[in-house]
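Next comes upload34.cif, with mmCIF, N, CA and C atoms.
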data_final
#
loop_
_atom_site.group_PDB
_atom_site.id
_atom_site.type_symbol
_atom_site.label_atom_id
_atom_site.label_comp_id
_atom_site.auth_asym_id
_atom_site.auth_seq_id
_atom_site.Cartn_x
_atom_site.Cartn_y
_atom_site.Cartn_z
ATOM 1 N N MET A 1 -46.199 -38.565 -27.157
ATOM 2 C CA MET A 1 -46.205 -39.698 -28.045
ATOM 3 C C MET A 1 -46.739 -39.232 -29.395
ATOM 4 N N PRO A 2 -45.880 -39.228 -30.430
ATOM 5 C CA PRO A 2 -46.288 -38.708 -31.743
ATOM 6 C C PRO A 2 -47.547 -39.359 -32.307
ATOM 7 N N LEU A 3 -47.748 -40.654 -32.050
ATOM 8 C CA LEU A 3 -48.924 -41.328 -32.602
ATOM 9 C C LEU A 3 -50.217 -40.686 -32.111
ATOM 10 N N LEU A 4 -50.233 -40.266 -30.863
ATOM 11 C CA LEU A 4 -51.430 -39.615 -30.333
ATOM 12 C C LEU A 4 -51.640 -38.247 -30.967
ATOM 13 N N TYR A 5 -50.561 -37.528 -31.225
ATOM 14 C CA TYR A 5 -50.686 -36.222 -31.876
ATOM 15 C C TYR A 5 -51.208 -36.378 -33.295
ATOM 16 N N TRP A 6 -50.752 -37.413 -34.006
ATOM 17 C CA TRP A 6 -51.258 -37.670 -35.361
ATOM 18 C C TRP A 6 -52.748 -37.965 -35.318
ATOM 19 N N ALA A 7 -53.154 -38.797 -34.364
ATOM 20 C CA ALA A 7 -54.579 -39.107 -34.232
ATOM 21 C C ALA A 7 -55.367 -37.851 -33.867
ATOM 22 N N GLN A 8 -54.835 -37.051 -32.965
ATOM 23 C CA GLN A 8 -55.491 -35.804 -32.553
ATOM 24 C C GLN A 8 -55.662 -34.862 -33.741
ATOM 25 N N SER A 9 -54.702 -34.872 -34.664
ATOM 26 C CA SER A 9 -54.759 -34.003 -35.840
ATOM 27 C C SER A 9 -55.633 -34.566 -36.949
ATOM 28 N N GLY A 10 -56.084 -35.812 -36.787
ATOM 29 C CA GLY A 10 -56.913 -36.425 -37.812
ATOM 30 C C GLY A 10 -56.118 -37.059 -38.931
ATOM 31 N N ILE A 11 -54.813 -37.171 -38.764
ATOM 32 C CA ILE A 11 -53.939 -37.751 -39.792
ATOM 33 C C ILE A 11 -53.975 -39.269 -39.750
ATOM 34 N N ALA A 12 -54.158 -39.846 -38.571
ATOM 35 C CA ALA A 12 -54.034 -41.290 -38.412
ATOM 36 C C ALA A 12 -54.891 -41.783 -37.257
ATOM 37 N N ILE A 13 -55.010 -43.102 -37.192
ATOM 38 C CA ILE A 13 -55.524 -43.740 -35.991
ATOM 39 C C ILE A 13 -54.330 -44.433 -35.361
ATOM 40 N N SER A 14 -54.453 -44.878 -34.142
ATOM 41 C CA SER A 14 -53.277 -45.370 -33.454
ATOM 42 C C SER A 14 -53.593 -46.535 -32.531
ATOM 43 N N LEU A 15 -52.732 -47.518 -32.507
ATOM 44 C CA LEU A 15 -52.773 -48.586 -31.512
ATOM 45 C C LEU A 15 -51.727 -48.236 -30.468
ATOM 46 N N ILE A 16 -52.156 -48.063 -29.241
ATOM 47 C CA ILE A 16 -51.244 -47.640 -28.174
ATOM 48 C C ILE A 16 -51.455 -48.514 -26.946
ATOM 49 N N PRO A 17 -50.480 -48.549 -26.062
ATOM 50 C CA PRO A 17 -50.696 -49.255 -24.795
ATOM 51 C C PRO A 17 -51.759 -48.521 -23.966
ATOM 52 N N ASP A 18 -52.485 -49.274 -23.192
ATOM 53 C CA ASP A 18 -53.517 -48.710 -22.331
ATOM 54 C C ASP A 18 -52.963 -47.580 -21.462
ATOM 55 N N SER A 19 -51.739 -47.730 -21.011
ATOM 56 C CA SER A 19 -51.129 -46.738 -20.121
ATOM 57 C C SER A 19 -50.879 -45.393 -20.808
ATOM 58 N N ALA A 20 -50.937 -45.327 -22.136
ATOM 59 C CA ALA A 20 -50.666 -44.083 -22.857
ATOM 60 C C ALA A 20 -51.896 -43.194 -23.002
ATOM 61 N N GLN A 21 -53.047 -43.656 -22.555
ATOM 62 C CA GLN A 21 -54.278 -42.870 -22.726
ATOM 63 C C GLN A 21 -54.225 -41.515 -22.033
ATOM 64 N N ASN A 22 -53.490 -41.415 -20.956
ATOM 65 C CA ASN A 22 -53.472 -40.172 -20.176
ATOM 66 C C ASN A 22 -52.334 -39.229 -20.557
ATOM 67 N N LEU A 23 -51.652 -39.497 -21.657
ATOM 68 C CA LEU A 23 -50.529 -38.632 -22.048
ATOM 69 C C LEU A 23 -50.982 -37.286 -22.584
ATOM 70 N N LEU A 24 -52.155 -37.216 -23.169
ATOM 71 C CA LEU A 24 -52.694 -35.947 -23.656
ATOM 72 C C LEU A 24 -53.863 -35.541 -22.773
ATOM 73 N N SER A 25 -53.816 -34.330 -22.274
ATOM 74 C CA SER A 25 -54.956 -33.849 -21.484
ATOM 75 C C SER A 25 -55.893 -33.067 -22.401
ATOM 76 N N ASN A 26 -57.133 -32.991 -22.019
ATOM 77 C CA ASN A 26 -58.153 -32.263 -22.785
ATOM 78 C C ASN A 26 -58.176 -32.673 -24.254
ATOM 79 N N THR A 27 -58.190 -33.953 -24.493
ATOM 80 C CA THR A 27 -58.171 -34.442 -25.870
ATOM 81 C C THR A 27 -59.576 -34.790 -26.340
ATOM 82 N N SER A 28 -59.793 -34.689 -27.626
ATOM 83 C CA SER A 28 -61.072 -35.092 -28.215
ATOM 84 C C SER A 28 -60.993 -36.517 -28.758
ATOM 85 N N LEU A 29 -59.904 -37.213 -28.471
ATOM 86 C CA LEU A 29 -59.749 -38.579 -28.943
ATOM 87 C C LEU A 29 -60.688 -39.528 -28.227
ATOM 88 N N VAL A 30 -61.090 -40.562 -28.925
ATOM 89 C CA VAL A 30 -61.911 -41.627 -28.355
ATOM 90 C C VAL A 30 -61.017 -42.849 -28.219
ATOM 91 N N PHE A 31 -60.998 -43.458 -27.039
ATOM 92 C CA PHE A 31 -60.182 -44.642 -26.790
ATOM 93 C C PHE A 31 -61.106 -45.841 -26.631
ATOM 94 N N LYS A 32 -60.834 -46.900 -27.373
ATOM 95 C CA LYS A 32 -61.619 -48.127 -27.294
ATOM 96 C C LYS A 32 -60.680 -49.282 -26.962
ATOM 97 N N GLU A 33 -61.040 -50.062 -25.956
ATOM 98 C CA GLU A 33 -60.243 -51.229 -25.599
ATOM 99 C C GLU A 33 -60.472 -52.327 -26.630
ATOM 100 N N ILE A 34 -59.398 -53.001 -27.003
ATOM 101 C CA ILE A 34 -59.500 -54.118 -27.939
ATOM 102 C C ILE A 34 -59.737 -55.380 -27.110
ATOM 103 N N SER A 35 -60.899 -55.979 -27.295
ATOM 104 C CA SER A 35 -61.234 -57.195 -26.552
ATOM 105 C C SER A 35 -60.632 -58.408 -27.250
ATOM 106 N N ASN A 36 -60.060 -59.290 -26.477
ATOM 107 C CA ASN A 36 -59.444 -60.509 -27.000
ATOM 108 C C ASN A 36 -58.494 -60.233 -28.172
ATOM 109 N N PRO A 37 -57.495 -59.397 -27.967
ATOM 110 C CA PRO A 37 -56.592 -59.071 -29.075
ATOM 111 C C PRO A 37 -55.825 -60.309 -29.534
ATOM 112 N N SER A 38 -55.658 -60.412 -30.827
ATOM 113 C CA SER A 38 -54.890 -61.526 -31.379
ATOM 114 C C SER A 38 -53.624 -61.005 -32.055
ATOM 115 N N ILE A 39 -53.187 -59.840 -31.627
ATOM 116 C CA ILE A 39 -52.006 -59.217 -32.207
ATOM 117 C C ILE A 39 -50.764 -59.731 -31.494
ATOM 118 N N LYS A 40 -49.796 -60.168 -32.263
ATOM 119 C CA LYS A 40 -48.511 -60.563 -31.701
ATOM 120 C C LYS A 40 -47.541 -59.417 -31.961
ATOM 121 N N VAL A 41 -46.895 -58.944 -30.922
ATOM 122 C CA VAL A 41 -46.008 -57.796 -31.038
ATOM 123 C C VAL A 41 -44.557 -58.244 -31.014
ATOM 124 N N SER A 42 -43.804 -57.733 -31.941
ATOM 125 C CA SER A 42 -42.358 -57.957 -31.967
ATOM 126 C C SER A 42 -41.684 -56.600 -31.852
ATOM 127 N N SER A 43 -40.555 -56.566 -31.204
ATOM 128 C CA SER A 43 -39.822 -55.319 -31.045
ATOM 129 C C SER A 43 -38.423 -55.466 -31.627
ATOM 130 N N VAL A 44 -37.861 -54.367 -32.010
ATOM 131 C CA VAL A 44 -36.491 -54.349 -32.519
ATOM 132 C C VAL A 44 -35.734 -53.198 -31.878
ATOM 133 N N VAL A 45 -34.439 -53.292 -31.905
ATOM 134 C CA VAL A 45 -33.563 -52.193 -31.510
ATOM 135 C C VAL A 45 -32.914 -51.702 -32.795
ATOM 136 N N ALA A 46 -32.932 -50.409 -33.035
ATOM 137 C CA ALA A 46 -32.379 -49.857 -34.280
ATOM 138 C C ALA A 46 -31.406 -48.737 -33.972
ATOM 139 N N TRP A 47 -30.360 -48.641 -34.782
ATOM 140 C CA TRP A 47 -29.398 -47.560 -34.662
ATOM 141 C C TRP A 47 -28.824 -47.287 -36.032
ATOM 142 N N ARG A 48 -28.191 -46.128 -36.166
ATOM 143 C CA ARG A 48 -27.642 -45.718 -37.464
ATOM 144 C C ARG A 48 -26.390 -46.507 -37.795
ATOM 145 N N ARG A 49 -26.375 -47.022 -39.005
ATOM 146 C CA ARG A 49 -25.223 -47.763 -39.504
ATOM 147 C C ARG A 49 -24.018 -46.821 -39.605
ATOM 148 N N ARG A 50 -22.862 -47.354 -39.338
ATOM 149 C CA ARG A 50 -21.577 -46.633 -39.433
ATOM 150 C C ARG A 50 -21.498 -45.414 -38.504
ATOM 151 N N GLN A 51 -22.232 -45.439 -37.409
ATOM 152 C CA GLN A 51 -22.142 -44.352 -36.432
ATOM 153 C C GLN A 51 -21.501 -44.907 -35.172
ATOM 154 N N SER A 52 -20.575 -44.150 -34.609
ATOM 155 C CA SER A 52 -19.937 -44.575 -33.362
ATOM 156 C C SER A 52 -20.965 -44.599 -32.243
ATOM 157 N N LEU A 53 -20.914 -45.669 -31.454
ATOM 158 C CA LEU A 53 -21.834 -45.801 -30.332
ATOM 159 C C LEU A 53 -21.067 -45.673 -29.025
ATOM 160 N N SER A 54 -21.716 -45.090 -28.041
ATOM 161 C CA SER A 54 -21.096 -44.990 -26.720
ATOM 162 C C SER A 54 -21.019 -46.381 -26.106
ATOM 163 N N SER A 55 -20.201 -46.528 -25.085
ATOM 164 C CA SER A 55 -20.097 -47.823 -24.415
ATOM 165 C C SER A 55 -21.431 -48.213 -23.777
ATOM 166 N N VAL A 56 -22.185 -47.238 -23.317
ATOM 167 C CA VAL A 56 -23.500 -47.506 -22.732
ATOM 168 C C VAL A 56 -24.437 -48.068 -23.804
ATOM 169 N N ALA A 57 -24.429 -47.452 -24.993
ATOM 170 C CA ALA A 57 -25.269 -47.926 -26.085
ATOM 171 C C ALA A 57 -24.851 -49.332 -26.519
ATOM 172 N N LYS A 58 -23.547 -49.573 -26.623
ATOM 173 C CA LYS A 58 -23.053 -50.905 -26.996
ATOM 174 C C LYS A 58 -23.477 -51.947 -25.969
ATOM 175 N N ASN A 59 -23.398 -51.604 -24.699
ATOM 176 C CA ASN A 59 -23.814 -52.519 -23.640
ATOM 177 C C ASN A 59 -25.321 -52.803 -23.735
ATOM 178 N N PHE A 60 -26.103 -51.783 -23.987
ATOM 179 C CA PHE A 60 -27.552 -51.945 -24.138
ATOM 180 C C PHE A 60 -27.864 -52.898 -25.292
ATOM 181 N N ILE A 61 -27.237 -52.677 -26.440
ATOM 182 C CA ILE A 61 -27.461 -53.510 -27.607
ATOM 183 C C ILE A 61 -27.038 -54.955 -27.348
ATOM 184 N N SER A 62 -25.952 -55.137 -26.608
ATOM 185 C CA SER A 62 -25.458 -56.494 -26.360
ATOM 186 C C SER A 62 -26.452 -57.331 -25.550
ATOM 187 N N MET A 63 -27.356 -56.679 -24.825
ATOM 188 C CA MET A 63 -28.354 -57.414 -24.060
ATOM 189 C C MET A 63 -29.359 -58.138 -24.963
ATOM 190 N N PHE A 64 -29.428 -57.747 -26.227
ATOM 191 C CA PHE A 64 -30.389 -58.338 -27.154
ATOM 192 C C PHE A 64 -29.775 -59.363 -28.096
ATOM 193 N N LYS A 65 -28.489 -59.570 -27.990
ATOM 194 C CA LYS A 65 -27.815 -60.539 -28.879
ATOM 195 C C LYS A 65 -27.868 -61.917 -28.313
#
Whole structure, structure tokens version:
Amino acid sequence: MPLLYWAQSGIAISLIPDSAQNLLSNTSLVFKEISNPSIKVSSVVAWRRRQSLSSVAKNFISMFK
């Protein structure tokens, strides 16, 4: 997960799912649980404009329409 590598390098801090804490072994990162989070998360699906998509990709995208 690139966000953890950025944090490990001192470039950034990162908000990650709890399940991602174990992705890096022997890390010097400090993980703190956010108590009573008030963050609302929205997700998007993104793809390159004017690029041919496989039928599998088109089917995947159609699930979000």
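Within chain A, DSSP run on the backbone puts these residues in helix (DSSP H, G or I): Pro2, Leu3, Leu4, Tyr5, Trp6, Ala7, Gln8, Ser9, Asp18, Ser19, Ala20, Gln21, Asn22, Leu23, Ser55, Val56, Ala57, Lys58, Asn59, Phe60, Ile61 and Ser62 of chain A.
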- Query: So how far away is atom N of Ser42 in chain A from atom C of Lys58 in chain A, in Å?
  - Reply: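 It comes out at 22.0 Å.
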- Kindly give the distance, in Å, that separates CA of Val45 in chain A and CA of Met63 in chain A, rounded to a single decimal.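 Between CA of Val45 in chain A and CA of Met63 in chain A the gap is 10.5 Å.
Going from atom N of Ser14 in chain A over to CA of Glu33 in chain A, you cover 12.1 Å.
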- Task: Tell me which residues the PyMOL selection byres ((chain A and resi 3) around 8) grabs here, as a ChimeraX atom specification.
- Result: /A:1-2,4-9,12-15
What box, with edges along x, y and z, holds each listed atom of range 51-60 of chain A when 5 Å is added on every side, and can you state its centre and edge lengths in Å to one decimal, as JSON?
{"center_x": -23.9, "center_y": -48.5, "center_z": -30.1, "size_x": 17.9, "size_y": 18.7, "size_z": 24.7}
